[in-house]
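Below is protein_22.cif, holding mmCIF, C-alpha atoms.
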data_protein
loop_
_atom_site.group_PDB
_atom_site.id
_atom_site.type_symbol
_atom_site.label_atom_id
_atom_site.label_comp_id
_atom_site.auth_asym_id
_atom_site.auth_seq_id
_atom_site.Cartn_x
_atom_site.Cartn_y
_atom_site.Cartn_z
ATOM 1 C CA MET A 548 98.571 -68.559 97.466
ATOM 2 C CA ARG A 549 100.359 -67.720 94.206
ATOM 3 C CA THR A 550 101.956 -64.455 95.269
ATOM 4 C CA PHE A 551 103.352 -63.312 98.596
ATOM 5 C CA ILE A 552 104.044 -59.597 98.803
ATOM 6 C CA ASN A 553 101.799 -58.010 101.414
ATOM 7 C CA ALA A 554 100.356 -59.038 104.780
ATOM 8 C CA GLU A 555 96.947 -59.674 103.219
ATOM 9 C CA ASP A 556 98.430 -62.455 101.072
ATOM 10 C CA ILE A 557 98.999 -64.682 104.122
ATOM 11 C CA GLY A 558 95.305 -64.635 105.034
ATOM 12 C CA GLU A 559 94.180 -64.850 108.660
ATOM 13 C CA ILE A 560 97.165 -63.745 110.751
ATOM 14 C CA ASP A 561 96.351 -65.912 113.779
ATOM 15 C CA ILE A 562 96.123 -69.011 111.585
ATOM 16 C CA ALA A 563 99.477 -68.212 109.980
ATOM 17 C CA LEU A 564 101.077 -67.704 113.400
ATOM 18 C CA ALA A 565 99.686 -71.022 114.630
ATOM 19 C CA GLU A 566 101.054 -72.686 111.505
ATOM 20 C CA ALA A 567 104.449 -71.152 112.224
ATOM 21 C CA GLN A 568 104.489 -72.739 115.675
ATOM 22 C CA GLU A 569 103.424 -76.087 114.232
ATOM 23 C CA ILE A 570 106.280 -75.966 111.731
ATOM 24 C CA LYS A 571 108.730 -74.885 114.409
ATOM 25 C CA LYS A 572 107.978 -78.108 116.289
ATOM 26 C CA ASP A 573 108.559 -80.221 113.153
ATOM 27 C CA ARG A 574 110.267 -78.401 110.293
ATOM 28 C CA TYR A 575 110.212 -81.459 108.032
ATOM 29 C CA LYS A 576 106.560 -82.438 108.460
ATOM 30 C CA TYR A 577 105.626 -81.302 104.955
ATOM 31 C CA GLN A 578 108.597 -82.612 102.969
ATOM 32 C CA HIS A 579 106.254 -84.446 100.638
ATOM 33 C CA LEU A 580 104.928 -81.147 99.281
ATOM 34 C CA GLY A 581 108.230 -80.186 97.684
ATOM 35 C CA LYS A 582 109.242 -83.514 96.200
ATOM 36 C CA ASN A 583 110.416 -82.983 92.596
ATOM 37 C CA LYS A 584 109.594 -79.262 92.856
ATOM 38 C CA THR A 585 112.210 -76.580 92.240
ATOM 39 C CA LEU A 586 112.572 -73.155 93.820
ATOM 40 C CA LEU A 587 114.479 -70.528 91.836
ATOM 41 C CA MET A 588 115.851 -67.754 94.049
ATOM 42 C CA ILE A 589 116.873 -64.676 92.043
ATOM 43 C CA PHE A 590 119.051 -62.035 93.689
ATOM 44 C CA PHE A 591 119.519 -58.616 92.154
ATOM 45 C CA ASN A 592 120.979 -57.492 95.496
ATOM 46 C CA ASN A 593 123.124 -58.861 98.316
ATOM 47 C CA SER A 594 121.708 -61.156 100.961
ATOM 48 C CA LEU A 595 122.717 -63.229 103.957
ATOM 49 C CA ARG A 596 119.687 -64.125 106.121
ATOM 50 C CA THR A 597 117.206 -64.136 103.244
ATOM 51 C CA ARG A 598 119.359 -66.390 101.102
ATOM 52 C CA LEU A 599 120.213 -68.865 103.839
ATOM 53 C CA SER A 600 116.825 -68.973 105.557
ATOM 54 C CA THR A 601 114.783 -69.290 102.356
ATOM 55 C CA GLN A 602 117.031 -71.991 100.959
ATOM 56 C CA LYS A 603 116.829 -73.864 104.266
ATOM 57 C CA ALA A 604 113.039 -73.500 104.253
ATOM 58 C CA ALA A 605 112.841 -74.964 100.750
ATOM 59 C CA MET A 606 115.024 -77.886 101.823
ATOM 60 C CA ASN A 607 112.783 -78.419 104.857
ATOM 61 C CA LEU A 608 109.950 -78.910 102.379
ATOM 62 C CA GLY A 609 111.899 -81.317 100.155
ATOM 63 C CA MET A 610 112.449 -78.858 97.283
ATOM 64 C CA ASN A 611 115.334 -78.571 94.874
ATOM 65 C CA VAL A 612 116.878 -75.084 94.939
ATOM 66 C CA ILE A 613 118.561 -73.001 92.227
ATOM 67 C CA VAL A 614 120.183 -69.721 93.274
ATOM 68 C CA LEU A 615 120.859 -67.084 90.613
ATOM 69 C CA ASP A 616 122.931 -64.038 91.516
ATOM 70 C CA VAL A 617 122.194 -61.690 88.643
ATOM 71 C CA ASN A 618 125.289 -59.591 89.333
ATOM 72 C CA ALA A 619 127.733 -62.489 89.449
ATOM 73 C CA GLY A 620 127.823 -64.656 86.357
ATOM 74 C CA ALA A 621 124.536 -63.861 84.622
ATOM 75 C CA TRP A 622 124.048 -61.526 81.675
ATOM 76 C CA LYS A 623 123.359 -57.956 82.673
ATOM 77 C CA LEU A 624 119.621 -57.465 82.409
ATOM 78 C CA GLU A 625 117.724 -54.541 80.936
ATOM 79 C CA THR A 626 114.473 -53.783 82.776
ATOM 80 C CA GLU A 627 113.114 -50.819 80.813
ATOM 81 C CA ARG A 628 110.823 -51.123 77.791
ATOM 82 C CA GLY A 629 111.459 -49.283 74.542
ATOM 83 C CA VAL A 630 115.210 -48.860 74.967
ATOM 84 C CA ILE A 631 117.880 -49.415 72.340
ATOM 85 C CA MET A 632 120.112 -52.022 73.944
ATOM 86 C CA ASP A 633 123.447 -50.706 72.754
ATOM 87 C CA GLY A 634 125.006 -50.476 76.219
ATOM 88 C CA ASP A 635 126.385 -53.059 78.652
ATOM 89 C CA LYS A 636 123.096 -54.940 79.122
ATOM 90 C CA SER A 637 122.919 -58.009 76.900
ATOM 91 C CA GLU A 638 119.521 -59.497 77.745
ATOM 92 C CA HIS A 639 116.099 -58.049 78.416
ATOM 93 C CA LEU A 640 114.158 -59.107 81.469
ATOM 94 C CA LEU A 641 111.131 -59.815 79.270
ATOM 95 C CA GLU A 642 112.978 -62.697 77.595
ATOM 96 C CA ALA A 643 114.889 -63.760 80.688
ATOM 97 C CA ILE A 644 111.794 -64.087 82.895
ATOM 98 C CA PRO A 645 109.864 -66.706 80.869
ATOM 99 C CA VAL A 646 113.109 -68.620 80.342
ATOM 100 C CA MET A 647 113.678 -68.706 84.095
ATOM 101 C CA GLY A 648 110.111 -69.922 84.528
ATOM 102 C CA CYS A 649 110.896 -72.943 82.339
ATOM 103 C CA TYR A 650 113.363 -74.262 84.907
ATOM 104 C CA CYS A 651 111.391 -74.034 88.144
ATOM 105 C CA ASP A 652 108.050 -74.281 89.903
ATOM 106 C CA VAL A 653 108.304 -71.287 92.262
ATOM 107 C CA ILE A 654 110.294 -68.042 92.026
ATOM 108 C CA GLY A 655 111.589 -65.828 94.821
ATOM 109 C CA ILE A 656 112.773 -62.313 93.863
ATOM 110 C CA ARG A 657 115.079 -59.933 95.718
ATOM 111 C CA SER A 658 115.258 -56.532 94.053
ATOM 112 C CA PHE A 659 115.834 -53.349 96.039
ATOM 113 C CA ALA A 660 114.597 -49.861 95.333
ATOM 114 C CA GLY A 661 116.833 -47.715 93.161
ATOM 115 C CA LEU A 662 115.875 -44.681 95.284
ATOM 116 C CA SER A 663 116.098 -42.316 92.304
ATOM 117 C CA ASN A 664 112.597 -42.666 90.842
ATOM 118 C CA ARG A 665 109.786 -43.010 93.376
ATOM 119 C CA GLU A 666 107.136 -43.788 90.781
ATOM 120 C CA TYR A 667 109.222 -46.612 89.312
ATOM 121 C CA ASP A 668 110.073 -48.101 92.714
ATOM 122 C CA TYR A 669 106.593 -47.873 94.208
ATOM 123 C CA ALA A 670 105.089 -49.432 91.075
ATOM 124 C CA GLU A 671 107.191 -52.537 91.920
ATOM 125 C CA THR A 672 108.255 -52.631 88.284
ATOM 126 C CA VAL A 673 110.706 -55.545 88.481
ATOM 127 C CA LEU A 674 108.651 -57.738 90.826
ATOM 128 C CA ASN A 675 105.455 -57.246 88.830
ATOM 129 C CA GLN A 676 107.182 -58.241 85.582
ATOM 130 C CA PHE A 677 108.052 -61.601 87.158
ATOM 131 C CA ILE A 678 104.467 -62.043 88.323
ATOM 132 C CA LYS A 679 103.145 -61.201 84.865
ATOM 133 C CA TYR A 680 105.580 -63.074 82.608
ATOM 134 C CA SER A 681 107.072 -66.024 84.521
ATOM 135 C CA GLY A 682 103.971 -68.212 84.651
ATOM 136 C CA ARG A 683 105.036 -69.276 88.164
ATOM 137 C CA PRO A 684 104.051 -68.377 91.729
ATOM 138 C CA VAL A 685 106.232 -65.472 92.870
ATOM 139 C CA PHE A 686 107.147 -64.244 96.327
ATOM 140 C CA ALA A 687 109.168 -61.229 97.460
ATOM 141 C CA MET A 688 112.487 -61.803 99.205
ATOM 142 C CA GLU A 689 112.542 -58.003 99.636
ATOM 143 C CA SER A 690 111.343 -55.759 96.868
ATOM 144 C CA ALA A 691 111.474 -52.036 96.205
ATOM 145 C CA THR A 692 108.800 -51.328 98.829
ATOM 146 C CA VAL A 693 108.257 -54.429 101.020
ATOM 147 C CA HIS A 694 110.039 -57.224 102.877
ATOM 148 C CA PRO A 695 107.198 -59.543 103.949
ATOM 149 C CA LEU A 696 109.319 -62.550 104.967
ATOM 150 C CA GLN A 697 111.138 -60.318 107.446
ATOM 151 C CA ALA A 698 107.978 -58.737 108.805
ATOM 152 C CA PHE A 699 106.324 -62.136 109.252
ATOM 153 C CA ALA A 700 109.389 -63.321 111.199
ATOM 154 C CA ASP A 701 109.276 -60.120 113.262
ATOM 155 C CA LEU A 702 105.662 -60.794 114.167
ATOM 156 C CA ILE A 703 106.396 -64.426 115.087
ATOM 157 C CA THR A 704 109.181 -63.197 117.386
ATOM 158 C CA ILE A 705 107.012 -60.573 119.062
ATOM 159 C CA LYS A 706 104.213 -63.072 119.681
ATOM 160 C CA GLU A 707 106.675 -65.579 121.159
ATOM 161 C CA HIS A 708 108.184 -63.051 123.587
ATOM 162 C CA SER A 709 105.202 -60.905 124.475
ATOM 163 C CA GLU A 710 103.596 -61.080 127.911
ATOM 164 C CA LYS A 711 100.594 -59.140 126.633
ATOM 165 C CA LYS A 712 97.925 -59.879 124.062
ATOM 166 C CA ARG A 713 98.382 -56.400 122.597
ATOM 167 C CA PRO A 714 101.905 -55.146 123.369
ATOM 168 C CA ARG A 715 103.103 -51.601 122.674
ATOM 169 C CA VAL A 716 105.435 -51.790 119.679
ATOM 170 C CA VAL A 717 107.523 -48.795 118.641
ATOM 171 C CA LEU A 718 109.054 -48.532 115.173
ATOM 172 C CA THR A 719 111.822 -45.982 115.469
ATOM 173 C CA TRP A 720 113.943 -44.385 112.766
ATOM 174 C CA ALA A 721 117.683 -44.388 113.493
ATOM 175 C CA PRO A 722 120.566 -42.639 111.721
ATOM 176 C CA HIS A 723 122.671 -44.247 109.006
ATOM 177 C CA CYS A 724 125.553 -43.324 106.740
ATOM 178 C CA CYS A 725 123.866 -44.672 103.595
ATOM 179 C CA SER A 726 120.569 -44.033 101.864
ATOM 180 C CA LEU A 727 118.370 -47.063 102.587
ATOM 181 C CA PRO A 728 114.986 -48.183 101.180
ATOM 182 C CA GLN A 729 111.710 -48.121 103.081
ATOM 183 C CA ALA A 730 110.878 -51.792 102.452
ATOM 184 C CA VAL A 731 111.517 -53.081 105.980
ATOM 185 C CA PRO A 732 109.644 -50.337 107.879
ATOM 186 C CA ASN A 733 106.826 -50.438 105.316
ATOM 187 C CA SER A 734 106.259 -54.151 105.845
ATOM 188 C CA PHE A 735 106.813 -53.989 109.594
ATOM 189 C CA ALA A 736 104.101 -51.366 109.964
ATOM 190 C CA GLN A 737 101.787 -53.267 107.622
ATOM 191 C CA TRP A 738 102.135 -56.543 109.531
ATOM 192 C CA MET A 739 101.827 -54.967 112.987
ATOM 193 C CA ARG A 740 98.591 -53.323 111.842
ATOM 194 C CA ALA A 741 97.302 -56.598 110.417
ATOM 195 C CA ALA A 742 97.964 -58.257 113.782
ATOM 196 C CA ASP A 743 96.227 -55.371 115.588
ATOM 197 C CA LEU A 744 99.158 -54.571 117.852
ATOM 198 C CA ASP A 745 99.617 -51.187 119.531
ATOM 199 C CA LEU A 746 101.990 -49.660 116.983
ATOM 200 C CA VAL A 747 103.609 -46.234 117.295
ATOM 201 C CA ILE A 748 106.020 -44.842 114.704
ATOM 202 C CA THR A 749 108.648 -42.288 115.608
ATOM 203 C CA GLN A 750 110.886 -40.477 113.153
ATOM 204 C CA PRO A 751 112.198 -37.004 112.334
ATOM 205 C CA LYS A 752 109.950 -34.803 110.236
ATOM 206 C CA GLY A 753 110.262 -35.500 106.529
ATOM 207 C CA TYR A 754 110.532 -39.278 106.977
ATOM 208 C CA GLU A 755 106.790 -40.027 106.920
ATOM 209 C CA LEU A 756 106.104 -43.465 105.436
ATOM 210 C CA ASP A 757 103.465 -44.079 102.773
ATOM 211 C CA LYS A 758 99.910 -44.330 104.149
ATOM 212 C CA LYS A 759 99.465 -47.427 101.999
ATOM 213 C CA PHE A 760 101.567 -49.265 104.581
ATOM 214 C CA VAL A 761 101.168 -47.355 107.846
ATOM 215 C CA GLY A 762 97.506 -46.406 107.549
ATOM 216 C CA ASP A 763 96.468 -44.241 110.472
ATOM 217 C CA SER A 764 99.183 -45.513 112.828
ATOM 218 C CA PRO A 765 100.106 -42.752 115.298
ATOM 219 C CA ILE A 766 103.328 -40.836 114.607
ATOM 220 C CA GLU A 767 105.336 -39.280 117.409
ATOM 221 C CA TYR A 768 108.213 -36.983 116.448
ATOM 222 C CA ASP A 769 109.611 -36.998 119.993
ATOM 223 C CA GLN A 770 111.493 -40.302 120.106
ATOM 224 C CA MET A 771 111.875 -40.516 123.887
ATOM 225 C CA LYS A 772 108.187 -39.838 124.383
ATOM 226 C CA ALA A 773 107.321 -42.576 121.879
ATOM 227 C CA LEU A 774 109.565 -45.078 123.663
ATOM 228 C CA GLU A 775 107.947 -44.581 127.071
ATOM 229 C CA GLY A 776 106.353 -47.843 128.169
ATOM 230 C CA ALA A 777 107.276 -49.706 124.975
ATOM 231 C CA ASP A 778 107.297 -53.494 125.152
ATOM 232 C CA PHE A 779 109.215 -53.841 121.874
ATOM 233 C CA VAL A 780 111.529 -51.403 120.117
ATOM 234 C CA TYR A 781 112.151 -51.978 116.415
ATOM 235 C CA ALA A 782 114.974 -49.721 115.202
ATOM 236 C CA LYS A 783 115.502 -49.186 111.490
ATOM 237 C CA ASN A 784 116.857 -46.509 109.230
ATOM 238 C CA TRP A 785 115.072 -45.470 106.077
ATOM 239 C CA SER A 786 115.727 -42.694 103.587
ATOM 240 C CA CYS A 787 113.133 -40.051 102.788
ATOM 241 C CA PRO A 788 110.039 -41.765 101.333
ATOM 242 C CA GLY A 789 109.169 -38.627 99.360
ATOM 243 C CA VAL A 790 105.552 -38.614 100.520
ATOM 244 C CA THR A 791 105.359 -34.880 101.233
ATOM 245 C CA ASN A 792 108.105 -33.845 98.817
ATOM 246 C CA PRO A 793 108.830 -36.280 95.938
ATOM 247 C CA ASP A 794 112.038 -34.390 95.113
ATOM 248 C CA ASP A 795 113.489 -35.599 98.433
ATOM 249 C CA TYR A 796 112.810 -39.267 97.685
ATOM 250 C CA GLY A 797 115.755 -41.459 98.671
ATOM 251 C CA LYS A 798 117.674 -38.624 100.310
ATOM 252 C CA ILE A 799 119.250 -38.506 103.759
ATOM 253 C CA LEU A 800 117.608 -35.552 105.495
ATOM 254 C CA ASN A 801 118.869 -36.156 109.017
ATOM 255 C CA LYS A 802 121.977 -37.650 110.675
ATOM 256 C CA ASP A 803 121.088 -36.837 114.275
ATOM 257 C CA ARG A 804 122.959 -39.370 116.446
ATOM 258 C CA SER A 805 120.621 -38.729 119.363
ATOM 259 C CA TRP A 806 118.224 -41.143 117.633
ATOM 260 C CA THR A 807 120.691 -44.057 118.044
ATOM 261 C CA ILE A 808 119.150 -46.594 120.429
ATOM 262 C CA ASP A 809 121.258 -46.919 123.564
ATOM 263 C CA SER A 810 120.687 -47.801 127.211
ATOM 264 C CA SER A 811 119.147 -44.401 127.971
ATOM 265 C CA HIS A 812 116.495 -45.015 125.315
ATOM 266 C CA MET A 813 115.728 -48.518 126.535
ATOM 267 C CA ALA A 814 115.542 -47.286 130.149
ATOM 268 C CA VAL A 815 112.235 -45.501 129.487
ATOM 269 C CA THR A 816 110.607 -48.620 128.007
ATOM 270 C CA ASN A 817 108.650 -51.288 129.861
ATOM 271 C CA ASN A 818 111.686 -53.591 130.061
ATOM 272 C CA GLY A 819 111.365 -53.496 126.289
ATOM 273 C CA LYS A 820 112.904 -55.964 123.899
ATOM 274 C CA PHE A 821 115.118 -54.734 121.063
ATOM 275 C CA LEU A 822 114.501 -55.848 117.461
ATOM 276 C CA HIS A 823 116.325 -55.232 114.187
ATOM 277 C CA CYS A 824 116.245 -57.044 110.852
ATOM 278 C CA LEU A 825 120.079 -57.129 110.497
ATOM 279 C CA PRO A 826 122.630 -56.332 109.225
ATOM 280 C CA VAL A 827 122.986 -53.487 111.688
ATOM 281 C CA ARG A 828 125.505 -50.648 111.889
ATOM 282 C CA ARG A 829 126.610 -50.619 115.514
ATOM 283 C CA GLY A 830 127.056 -47.151 116.936
ATOM 284 C CA LEU A 831 124.648 -45.710 114.375
ATOM 285 C CA ILE A 832 121.473 -47.759 114.749
ATOM 286 C CA VAL A 833 122.147 -49.241 118.177
ATOM 287 C CA SER A 834 124.826 -49.257 120.847
ATOM 288 C CA ASP A 835 126.866 -52.370 121.639
ATOM 289 C CA ASP A 836 125.429 -52.738 125.120
ATOM 290 C CA VAL A 837 121.851 -52.860 123.818
ATOM 291 C CA ILE A 838 122.360 -55.276 120.933
ATOM 292 C CA GLU A 839 124.503 -57.559 123.109
ATOM 293 C CA GLY A 840 122.309 -57.184 126.187
ATOM 294 C CA PRO A 841 119.498 -59.330 127.569
ATOM 295 C CA SER A 842 116.838 -57.225 125.863
ATOM 296 C CA SER A 843 118.119 -58.037 122.366
ATOM 297 C CA LEU A 844 116.080 -60.462 120.272
ATOM 298 C CA VAL A 845 117.977 -60.033 117.002
ATOM 299 C CA ILE A 846 119.260 -63.635 116.873
ATOM 300 C CA PRO A 847 115.951 -65.440 117.574
ATOM 301 C CA GLU A 848 114.347 -62.915 115.215
ATOM 302 C CA ALA A 849 116.789 -63.932 112.466
ATOM 303 C CA ALA A 850 116.221 -67.622 113.253
ATOM 304 C CA ASN A 851 112.505 -67.121 112.692
ATOM 305 C CA ARG A 852 113.236 -66.149 109.092
ATOM 306 C CA GLU A 853 113.473 -69.872 108.364
ATOM 307 C CA ILE A 854 110.047 -70.395 109.912
ATOM 308 C CA SER A 855 108.326 -67.553 108.064
ATOM 309 C CA ALA A 856 109.794 -68.740 104.752
ATOM 310 C CA THR A 857 108.741 -72.337 105.419
ATOM 311 C CA VAL A 858 105.143 -71.280 106.071
ATOM 312 C CA VAL A 859 105.050 -69.178 102.909
ATOM 313 C CA LEU A 860 106.576 -71.854 100.671
ATOM 314 C CA LYS A 861 104.264 -74.486 102.170
ATOM 315 C CA ARG A 862 101.250 -72.315 101.320
ATOM 316 C CA ILE A 863 102.492 -71.853 97.753
ATOM 317 C CA LEU A 864 103.271 -75.559 97.255
ATOM 318 C CA GLU A 865 99.774 -76.485 98.395
ATOM 319 C CA THR A 866 98.384 -74.628 95.374
ATOM 320 C CA LEU A 867 100.522 -76.421 92.780
#
structure tokens encoding of this file:
Amino acid sequence: MRTFINAEDIGEIDIALAEAQEIKKDRYKYQHLGKNKTLLMIFFNNSLRTRLSTQKAAMNLGMNVIVLDVNAGAWKLETERGVIMDGDKSEHLLEAIPVMGCYCDVIGIRSFAGLSNREYDYAETVLNQFIKYSGRPVFAMESATVHPLQAFADLITIKEHSEKKRPRVVLTWAPHCCSLPQAVPNSFAQWMRAADLDLVITQPKGYELDKKFVGDSPIEYDQMKALEGADFVYAKNWSCPGVTNPDDYGKILNKDRSWTIDSSHMAVTNNGKFLHCLPVRRGLIVSDDVIEGPSSLVIPEAANREISATVVLKRILETL
């Protein structure tokens, strides 16, 4: 595996999940794979869980780790071709990328959507330049459209806590004060489909996710109806994906607080478990009593980020 972006890159889902459980029992079993190998983690955007869990995963595998925060200490990078660089950006990504590749064996990229140009974001312009020009295996630590390490960890968590072979999983939109990307819900839907779970998506009209990720997953615009009998509730905000109206891409179309997950929402589920990728805006996405209650899996879910990253890095190292 030289790239890790979508669910299909991990191969057979059941094998990957079994590997995750093997690694969870002995996180240092494959330390020999990373000896004298270096991971370069490049952050164009902020991170807490991704940074810590991926670095820990690399250390589990015996790797050296370099962390580059592009916005704190590095030259400002130009990403567009054909521009006259007479502004505040001193270095072009097309020179920076192969230079970065000289200093490492594997590259992880975190680069969010700009939410102003749908075509640019959904082309994965920044991520694909690293794949093309670095000469190194590349994996996404959240890109403009996907967050596969998170979705893999979500799936591990669901499998660990499910009492059914095919649980009912509801991905529900929730309100937010900021315009957020679609990367997390895109990947969540993609991975739930790959695992053949009973996925239902609920959101206000205008927030339809790209079919590339959700396929023919059922959409229910009545949130309470969607939540009935749910075994797992995954709450997440996303801005307008611009599928039906590209001019609305990245906009906040709805701030309806009735979509906030609270005890009344969870009461109609099948003793459902609550999931969220974190960080979470309490009172907007979820109420205190739900996220602090016995149904909340947000901490074990976050802990599984180390496991998903270890599996992915192990797979990549085995190809070097």
Name the residues in contact with Ala698 of chain A at a cut-off of 12 Å, using only C-alpha atoms, excluding same-chain residues fewer than 6 positions from it; report them as a count of residues only.
33
Could you spell out the hits of the PyMOL selection byres ((chain A and resi 745-759) around 8) on the shown file, as a compact mmCIF listing (two decimals) with C-alpha atoms, in the frame of the given file?
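Here's the written file result-v1.txt:
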# COMPACT_ATOMS: atom_id res chain seq x y z
CA ARG A 713 98.38 -56.40 122.60
CA PRO A 714 101.90 -55.15 123.37
CA ARG A 715 103.10 -51.60 122.67
CA VAL A 716 105.44 -51.79 119.68
CA VAL A 717 107.52 -48.80 118.64
CA LEU A 718 109.05 -48.53 115.17
CA THR A 719 111.82 -45.98 115.47
CA TRP A 720 113.94 -44.38 112.77
CA ALA A 721 117.68 -44.39 113.49
CA GLN A 729 111.71 -48.12 103.08
CA ASN A 733 106.83 -50.44 105.32
CA ALA A 736 104.10 -51.37 109.96
CA MET A 739 101.83 -54.97 112.99
CA ARG A 740 98.59 -53.32 111.84
CA ASP A 743 96.23 -55.37 115.59
CA LEU A 744 99.16 -54.57 117.85
CA PHE A 760 101.57 -49.26 104.58
CA VAL A 761 101.17 -47.36 107.85
CA GLY A 762 97.51 -46.41 107.55
CA ASP A 763 96.47 -44.24 110.47
CA SER A 764 99.18 -45.51 112.83
CA PRO A 765 100.11 -42.75 115.30
CA ILE A 766 103.33 -40.84 114.61
CA GLU A 767 105.34 -39.28 117.41
CA TYR A 768 108.21 -36.98 116.45
CA ASP A 769 109.61 -37.00 119.99
CA GLN A 770 111.49 -40.30 120.11
CA ALA A 773 107.32 -42.58 121.88
CA TRP A 785 115.07 -45.47 106.08
CA SER A 786 115.73 -42.69 103.59
CA CYS A 787 113.13 -40.05 102.79
CA PRO A 788 110.04 -41.76 101.33
CA GLY A 789 109.17 -38.63 99.36
CA VAL A 790 105.55 -38.61 100.52
CA THR A 791 105.36 -34.88 101.23
CA LEU A 800 117.61 -35.55 105.50
CA ASN A 801 118.87 -36.16 109.02
What lies within 7 Å of Thr585 of chain A using all atoms listed in the file, ignoring chain neighbours under 5 positions off, as a VMD selection string?
chain A and resid 610 to 612 651 to 653
Could you tell me which of A:Glu853, A:Ile703, A:Ser842, A:Glu638 comes closest to Arg598 of chain A if we count only C-alpha atoms?
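Nearest to Arg598 of chain A: A:Glu853.
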Do you have the atom CA of Leu825 of chain A-atom CA of Val845 of chain A distance handy?
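Those two atoms sit 7.4 Å apart.
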Measuring atom to atom with all atoms listed in the file, identify which of A:Lys623, A:Glu566, A:Gln578, A:Thr550 is nearest to Lys679 of chain A.
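With all atoms listed in the file as the atom set, the closest residue is A:Thr550.
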Residue among A:Tyr669, A:His723, A:Lys711, A:Ile832 lying closest to Asp778 of chain A, counting all atoms listed in the file:
A:Lys711
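Closest to Thr816 of chain A among A:Gly682, A:Leu702, A:Gln568, A:Glu775 is A:Glu775, based on all atoms listed in the file.
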Please list, as a ChimeraX atom specification, the residues that have an atom at most 12 Å away from (105.6, -74.5, 112.6) in the coordinates of this file, counting only C-alpha atoms.
/A:562-577,604,607-608,700,703,851-859,861
